[in-house]
Amino acid sequence: MTYASENFSLYRELFMKSSSTPMSLYAADSWGFADVNGDGMEEFIFHEYTEDYPKDILLKLAHVHAEELEIVWSATRELRTGYGRFLVGNVDGDPESELVVFSGRRMVGETLFGTRVFNWRGDELTTVGTDQLPAKAGALVDIDGDDVREIAFAVVPKRFANWEGTEPAVLMICRVTPNGFETRYKLELPHAVQSLNSGDLNGDGIDEFFTEENSYDGSVEGQIAIYAVDAEHGIRRVFAQNRLVNRVRFFRAFQSQGSTYLLIVSASNSVPITVYKTRQLSNGNYELEPQHSHNPQLLHDAVLSTMAYSQDTKHYLRTQRCSVQEEADTGLRRCFKLEWLPGENYQ
Ligand SMILES: [Ca+2]
Ligand SMILES: [Ca+2]
Ligand SMILES: [Ca+2]
Ligand SMILES: [Ca+2]
């Protein structure tokens, strides 16, 4: 198989993002690359609207060729994900990556799919774990360093007739076992979690996770918090700053020059992008140091963290909403342009 060495673009009627950042259309939060069927070739994992009505949103796997996606698997309607979100990672004993799909919310009278783990069996992705817990936000974390990821999610346990988006959440760490989800740790919060992502913030090989939080009464808004997990303390909050951001559009931990940083892209136009250095204090808590310097390597690494990366093709992927003209030309109603950028241009 050959890949275009030049940049190339695909136009697709796509929807979806991973479960970490609700407002994001950044490729790093929207698409996945992993070998999910164990054939040694990486799949491109995405969601797409069905062509026929009623419109559903289905998970698909494709192999990437130059300027073309070859669909190798498509979910049936029974496996539709609605407005769910997905993550890709190894969450069980076999070496392949699984897909973890979260349903977004729970309302009276609405079908709830819960959180599902999909594994490749035979020639199909099938549900191997399920939980009726609706998770608005989630991330994969390795809390014990065994290279199997646990699932961190923010669950809203009650049913609501109306969904405000500010319902108090319970943070949970679950492990996927042959018998389904096993809850390891829980922490009840008095406010909501809008988004959640993970990374090893102090370089010890154990993941931490971080959240964007708010409350119905507005007393908590744009709060960024960091949580550490260990057997002794369970889930422990090690940083929180209220009104740090307006509203998060994208956030991610990334490495640059041997240190860990947090990139926060806010919906606010006045201060859209901030990079923080994460620093652990002697008492185990963290502080975030805003980086004001125009360090080109740091900015470069921050931008790369917004893109998805394909190991097989050595391309970064970024997404852009099509222009009105492009949508007219392609005949697509909601068009996103996928741009593959050769990795060697970014070394
Ligand atoms: Ca494969
Ligand atoms: Ca696995
Ligand atoms: Ca683990
Ligand atoms: Ca760590």
# chains A, B, ... in the order shown; residues from 1 in each chain; ligands from 1
$ closest_atom_pairs --of "chain A" --to "ligand 2" --cutoff "10 Å" --atoms "only C-alpha atoms and all ligand atoms" --output "Markdown table"
| residue | atom | partner | partner_atom_place_in_ligand_line | distance |
| --- | --- | --- | --- | --- |
| A:Val36 | CA | ligand 2 | 1 (Ca) | 8.4 |
| A:Asn37 | CA | ligand 2 | 1 (Ca) | 10.0 |
| A:Gly38 | CA | ligand 2 | 1 (Ca) | 9.7 |
| A:Val88 | CA | ligand 2 | 1 (Ca) | 10.0 |
| A:Gly89 | CA | ligand 2 | 1 (Ca) | 7.4 |
| A:Asn90 | CA | ligand 2 | 1 (Ca) | 4.2 |
| A:Val91 | CA | ligand 2 | 1 (Ca) | 5.4 |
| A:Asp92 | CA | ligand 2 | 1 (Ca) | 4.5 |
| A:Gly93 | CA | ligand 2 | 1 (Ca) | 5.4 |
| A:Asp94 | CA | ligand 2 | 1 (Ca) | 4.0 |
| A:Pro95 | CA | ligand 2 | 1 (Ca) | 4.7 |
| A:Glu96 | CA | ligand 2 | 1 (Ca) | 4.2 |
| A:Ser97 | CA | ligand 2 | 1 (Ca) | 4.7 |
| A:Glu98 | CA | ligand 2 | 1 (Ca) | 5.5 |
| A:Leu99 | CA | ligand 2 | 1 (Ca) | 9.2 |
| A:Phe118 | CA | ligand 2 | 1 (Ca) | 9.8 |
| A:Asn119 | CA | ligand 2 | 1 (Ca) | 7.5 |
| A:Trp120 | CA | ligand 2 | 1 (Ca) | 9.1 |
| A:Val148 | CA | ligand 2 | 1 (Ca) | 7.8 |
| A:Arg149 | CA | ligand 2 | 1 (Ca) | 9.2 |
| A:Val176 | CA | ligand 2 | 1 (Ca) | 9.9 |
$ residues_near_ligand --ligand "ligand 3" --cutoff "7 Å" --atoms "only C-alpha atoms and all ligand atoms" --output "list in words"
Asp142, Ile143, Asp144, Gly145, Asp146, Asp147, Val148, Arg149 and Glu150 of chain A
$ write_last_selection --atoms "N, CA and C atoms" --output "PDB file, in the first residue's frame"
ATOM      1  N   ASP A 142      -4.445   4.696  32.852  1.00  0.00           N
ATOM      2  CA  ASP A 142      -3.783   3.543  33.463  1.00  0.00           C
ATOM      3  C   ASP A 142      -3.370   3.973  34.867  1.00  0.00           C
ATOM      4  N   ILE A 143      -4.145   3.524  35.864  1.00  0.00           N
ATOM      5  CA  ILE A 143      -3.916   4.002  37.239  1.00  0.00           C
ATOM      6  C   ILE A 143      -2.934   3.141  38.009  1.00  0.00           C
ATOM      7  N   ASP A 144      -2.490   2.007  37.401  1.00  0.00           N
ATOM      8  CA  ASP A 144      -1.555   1.142  38.121  1.00  0.00           C
ATOM      9  C   ASP A 144      -0.333   0.771  37.296  1.00  0.00           C
ATOM     10  N   GLY A 145      -0.210   1.346  36.098  1.00  0.00           N
ATOM     11  CA  GLY A 145       1.005   1.150  35.312  1.00  0.00           C
ATOM     12  C   GLY A 145       1.164  -0.223  34.692  1.00  0.00           C
ATOM     13  N   ASP A 146       0.045  -0.987  34.525  1.00  0.00           N
ATOM     14  CA  ASP A 146       0.163  -2.322  33.924  1.00  0.00           C
ATOM     15  C   ASP A 146      -0.110  -2.312  32.424  1.00  0.00           C
ATOM     16  N   ASP A 147      -0.192  -1.131  31.816  1.00  0.00           N
ATOM     17  CA  ASP A 147      -0.436  -0.948  30.380  1.00  0.00           C
ATOM     18  C   ASP A 147      -1.838  -1.348  29.940  1.00  0.00           C
ATOM     19  N   VAL A 148      -2.695  -1.726  30.867  1.00  0.00           N
ATOM     20  CA  VAL A 148      -4.115  -1.904  30.555  1.00  0.00           C
ATOM     21  C   VAL A 148      -4.829  -0.682  31.110  1.00  0.00           C
ATOM     22  N   ARG A 149      -5.622  -0.036  30.255  1.00  0.00           N
ATOM     23  CA  ARG A 149      -6.242   1.212  30.673  1.00  0.00           C
ATOM     24  C   ARG A 149      -7.510   0.927  31.473  1.00  0.00           C
ATOM     25  N   GLU A 150      -7.692   1.687  32.529  1.00  0.00           N
ATOM     26  CA  GLU A 150      -8.964   1.714  33.224  1.00  0.00           C
ATOM     27  C   GLU A 150      -9.807   2.846  32.614  1.00  0.00           C
TER      28      GLU A 150
END
$ residues_near_ligand --ligand "ligand 1" --cutoff "12 Å" --atoms "only C-alpha atoms and all ligand atoms" --output "PyMOL selection string"
chain A and resi 33-45+61-64+71-73+96-98+120+123-125+312
$ write_last_selection --atoms "C-alpha atoms" --output "PDB file, in the first residue's frame"
ATOM      1  CA  PHE A  33      -6.325   5.153  14.833  1.00  0.00           C
ATOM      2  CA  ALA A  34      -5.689   1.655  16.157  1.00  0.00           C
ATOM      3  CA  ASP A  35      -5.427  -1.929  15.026  1.00  0.00           C
ATOM      4  CA  VAL A  36      -8.755  -3.075  16.469  1.00  0.00           C
ATOM      5  CA  ASN A  37      -9.009  -6.417  14.632  1.00  0.00           C
ATOM      6  CA  GLY A  38      -5.485  -7.694  15.179  1.00  0.00           C
ATOM      7  CA  ASP A  39      -4.556  -8.026  11.481  1.00  0.00           C
ATOM      8  CA  GLY A  40      -1.489  -5.840  11.918  1.00  0.00           C
ATOM      9  CA  MET A  41      -2.978  -2.963   9.944  1.00  0.00           C
ATOM     10  CA  GLU A  42      -4.243   0.147  11.626  1.00  0.00           C
ATOM     11  CA  GLU A  43      -7.896   1.124  11.277  1.00  0.00           C
ATOM     12  CA  PHE A  44      -9.250   4.653  11.122  1.00  0.00           C
ATOM     13  CA  ILE A  45     -12.214   4.839  13.505  1.00  0.00           C
ATOM     14  CA  LEU A  61     -13.688   1.370  10.584  1.00  0.00           C
ATOM     15  CA  ALA A  62     -11.703   2.138   7.453  1.00  0.00           C
ATOM     16  CA  HIS A  63      -8.313   1.632   5.963  1.00  0.00           C
ATOM     17  CA  VAL A  64      -6.771   4.839   4.699  1.00  0.00           C
ATOM     18  CA  ILE A  71     -14.660   1.004   4.819  1.00  0.00           C
ATOM     19  CA  VAL A  72     -13.814  -2.358   6.395  1.00  0.00           C
ATOM     20  CA  TRP A  73     -16.588  -2.500   8.987  1.00  0.00           C
ATOM     21  CA  GLU A  96      -5.683  -5.200  20.586  1.00  0.00           C
ATOM     22  CA  SER A  97      -7.380  -1.912  21.269  1.00  0.00           C
ATOM     23  CA  GLU A  98     -11.033  -1.880  22.199  1.00  0.00           C
ATOM     24  CA  TRP A 120     -13.255  -7.642  17.715  1.00  0.00           C
ATOM     25  CA  ASP A 123     -15.070 -10.546  11.801  1.00  0.00           C
ATOM     26  CA  GLU A 124     -17.279  -8.248  13.839  1.00  0.00           C
ATOM     27  CA  LEU A 125     -16.982  -5.713  16.591  1.00  0.00           C
ATOM     28  CA  ASP A 312       0.881   3.293   9.862  1.00  0.00           C
TER      29      ASP A 312
END
$ select_by_dssp --residues "range 24-204 of chain A" --states "strand (DSSP E or B)" --output "compact mmCIF listing (two decimals) with C-alpha atoms, in the first residue's frame"
# COMPACT_ATOMS: atom_id res chain seq x y z
CA GLY A 32 -9.07 7.25 16.39
CA PHE A 33 -6.33 5.15 14.83
CA ALA A 34 -5.69 1.66 16.16
CA GLU A 43 -7.90 1.12 11.28
CA PHE A 44 -9.25 4.65 11.12
CA ILE A 45 -12.21 4.84 13.51
CA PHE A 46 -14.92 7.40 13.02
CA HIS A 47 -18.65 8.05 13.13
CA GLU A 48 -20.75 8.88 10.13
CA TYR A 49 -24.35 9.78 9.46
CA ILE A 57 -24.90 7.80 13.56
CA LEU A 58 -22.85 4.65 13.11
CA LEU A 59 -19.33 3.69 14.04
CA LYS A 60 -17.14 2.76 11.10
CA LEU A 61 -13.69 1.37 10.58
CA ALA A 62 -11.70 2.14 7.45
CA HIS A 63 -8.31 1.63 5.96
CA VAL A 64 -6.77 4.84 4.70
CA HIS A 65 -5.53 4.95 1.13
CA GLU A 68 -9.80 7.42 -0.23
CA LEU A 69 -11.22 5.58 2.76
CA GLU A 70 -11.91 1.88 2.32
CA ILE A 71 -14.66 1.00 4.82
CA VAL A 72 -13.81 -2.36 6.40
CA TRP A 73 -16.59 -2.50 8.99
CA SER A 74 -19.73 -0.57 9.69
CA ARG A 85 -18.87 9.37 22.07
CA PHE A 86 -15.99 6.97 21.78
CA LEU A 87 -12.46 6.33 22.95
CA VAL A 88 -9.90 3.86 21.67
CA GLY A 89 -7.48 1.95 23.86
CA GLU A 98 -11.03 -1.88 22.20
CA LEU A 99 -13.57 0.84 21.49
CA VAL A 100 -15.27 2.34 24.52
CA VAL A 101 -18.51 4.07 23.58
CA PHE A 102 -20.32 6.34 26.05
CA MET A 107 -33.59 11.44 30.13
CA THR A 115 -21.34 2.66 28.30
CA ARG A 116 -20.25 -0.17 26.04
CA VAL A 117 -16.93 -1.80 25.26
CA PHE A 118 -16.58 -3.21 21.75
CA ASN A 119 -14.09 -5.94 21.00
CA TRP A 120 -13.25 -7.64 17.72
CA ARG A 121 -14.59 -11.23 17.61
CA GLU A 124 -17.28 -8.25 13.84
CA LEU A 125 -16.98 -5.71 16.59
CA THR A 126 -19.24 -6.97 19.36
CA THR A 127 -20.21 -5.67 22.76
CA VAL A 128 -18.17 -7.40 25.44
CA GLY A 129 -18.94 -5.12 28.35
CA THR A 130 -21.83 -2.88 29.12
CA ASP A 131 -23.01 -0.74 31.94
CA ALA A 135 -21.40 9.04 31.17
CA LYS A 136 -21.20 12.54 29.85
CA ALA A 137 -17.44 12.56 29.80
CA GLY A 138 -14.79 9.91 30.09
CA ALA A 139 -11.16 9.09 29.52
CA LEU A 140 -8.89 6.07 29.58
CA VAL A 141 -6.38 6.03 32.40
CA GLU A 150 -8.96 1.71 33.22
CA ILE A 151 -11.98 3.89 32.40
CA ALA A 152 -12.47 7.18 34.22
CA PHE A 153 -15.88 8.69 33.75
CA ALA A 154 -18.24 11.30 35.08
CA VAL A 155 -21.60 9.66 35.66
CA PHE A 160 -33.95 13.85 34.91
CA VAL A 170 -19.94 11.06 40.33
CA LEU A 171 -16.38 10.40 39.21
CA MET A 172 -15.75 6.69 38.77
CA ILE A 173 -12.83 4.49 37.87
CA CYS A 174 -13.89 1.16 36.37
CA ARG A 175 -11.98 -1.81 35.16
CA VAL A 176 -13.26 -3.97 32.32
CA THR A 177 -13.45 -7.62 33.39
CA GLY A 180 -18.46 -6.52 32.83
CA PHE A 181 -17.48 -3.30 34.53
CA GLU A 182 -15.99 -3.44 37.98
CA THR A 183 -16.01 -0.16 39.88
CA ARG A 184 -12.72 0.46 41.65
CA TYR A 185 -13.08 3.99 42.97
CA LYS A 186 -15.79 6.63 43.25
CA LEU A 187 -15.93 10.29 44.22
CA GLU A 188 -19.19 12.25 44.43
CA ALA A 192 -21.20 18.90 37.06
CA VAL A 193 -18.30 17.73 34.92
CA GLN A 194 -18.39 19.12 31.40
CA SER A 195 -15.34 17.39 30.01
CA LEU A 196 -12.57 15.09 31.10
CA ASN A 197 -9.24 14.01 29.74
CA SER A 198 -6.19 12.17 31.00
CA GLY A 199 -2.44 12.10 30.91
$ residues_near_ligand --ligand "ligand 4" --cutoff "12 Å" --atoms "only C-alpha atoms and all ligand atoms" --output "ChimeraX atom specification"
/A:141-145,198-210,226-230,238,253,260,278-280,284-286
$ residues_around --residues "Thr306 in chain A" --least-positions-apart "5" --cutoff "7 Å" --atoms "only C-alpha atoms" --output "VMD selection string"
chain A and resid 26 to 28
$ write_last_selection --atoms "N, CA and C atoms" --output "short mmCIF file (atom, residue, chain, number, x, y, z; two decimals), in the first residue's frame"
data_model
loop_
_atom_site.label_atom_id
_atom_site.label_comp_id
_atom_site.auth_asym_id
_atom_site.auth_seq_id
_atom_site.Cartn_x
_atom_site.Cartn_y
_atom_site.Cartn_z
N TYR A 26 -11.43 19.24 17.13
CA TYR A 26 -10.02 18.96 16.87
C TYR A 26 -9.85 17.47 16.60
N ALA A 27 -9.01 17.16 15.64
CA ALA A 27 -8.88 15.77 15.21
C ALA A 27 -8.46 14.85 16.35
N ALA A 28 -7.62 15.34 17.26
CA ALA A 28 -7.16 14.49 18.35
C ALA A 28 -8.31 14.03 19.23
#
$ atom_distance --atom1 "CA of Tyr316 in chain A" --atom2 "CA of Leu341 in chain A"
5.1 Å
$ atom_distance --atom1 "CA of Ile224 in chain A" --atom2 "CA of Asn269 in chain A"
18.4 Å
$ residues_around --residues "Arg252 in chain A" --least-positions-apart "6" --cutoff "7 Å" --atoms "only C-alpha atoms" --output "PDB file with N, CA and C atoms, in the first residue's frame"
ATOM      1  N   ASN A 197     -10.294  14.595  30.549  1.00  0.00           N
ATOM      2  CA  ASN A 197      -9.238  14.011  29.735  1.00  0.00           C
ATOM      3  C   ASN A 197      -8.132  13.533  30.662  1.00  0.00           C
ATOM      4  N   LEU A 262      -0.190  21.317  29.836  1.00  0.00           N
ATOM      5  CA  LEU A 262      -1.619  21.213  29.597  1.00  0.00           C
ATOM      6  C   LEU A 262      -1.991  22.319  28.619  1.00  0.00           C
ATOM      7  N   LEU A 263      -2.597  21.913  27.514  1.00  0.00           N
ATOM      8  CA  LEU A 263      -3.089  22.890  26.533  1.00  0.00           C
ATOM      9  C   LEU A 263      -4.585  23.069  26.771  1.00  0.00           C
ATOM     10  N   ILE A 264      -5.013  24.311  26.948  1.00  0.00           N
ATOM     11  CA  ILE A 264      -6.447  24.588  27.090  1.00  0.00           C
ATOM     12  C   ILE A 264      -6.851  25.577  26.013  1.00  0.00           C
TER      13      ILE A 264
END
$ closest_residue --among "A:Glu339, A:Glu167, A:Glu51, A:Glu287" --to "Ala225 in chain A" --atoms "only C-alpha atoms"
A:Glu287
$ residues_around --residues "Asn246 in chain A" --least-positions-apart "2" --cutoff "9 Å" --atoms "only C-alpha atoms" --output "ChimeraX atom specification"
/A:221-223,243-244,248,266-268
$ write_last_selection --atoms "C-alpha atoms" --output "short mmCIF file (atom, residue, chain, number, x, y, z; two decimals), in the first residue's frame"
data_model
loop_
_atom_site.label_atom_id
_atom_site.label_comp_id
_atom_site.auth_asym_id
_atom_site.auth_seq_id
_atom_site.Cartn_x
_atom_site.Cartn_y
_atom_site.Cartn_z
CA GLU A 221 -17.87 27.86 36.37
CA GLY A 222 -14.98 27.15 34.05
CA GLN A 223 -13.28 25.30 36.88
CA ARG A 243 -13.11 30.47 36.68
CA LEU A 244 -9.80 29.54 35.12
CA VAL A 248 -13.23 24.64 27.23
CA SER A 266 -11.15 28.18 25.44
CA ALA A 267 -14.34 29.24 23.65
CA SER A 268 -13.51 32.80 24.69
#
$ closest_residue --among "A:Arg334, A:Lys277, A:Arg249, A:His300" --to "Asp29 in chain A" --atoms "only C-alpha atoms"
A:Arg249
$ closest_residue --among "A:Arg247, A:Lys337, A:His292, A:Lys158" --to "Leu133 in chain A" --atoms "only C-alpha atoms"
A:Lys158
$ closest_residue --among "A:Ser215, A:Asn179, A:Thr274, A:Gly331" --to "Ala302 in chain A" --atoms "only C-alpha atoms"
A:Thr274
$ atom_distance --atom1 "CA of Arg321 in chain A" --atom2 "CA of Tyr309 in chain A"
19.1 Å
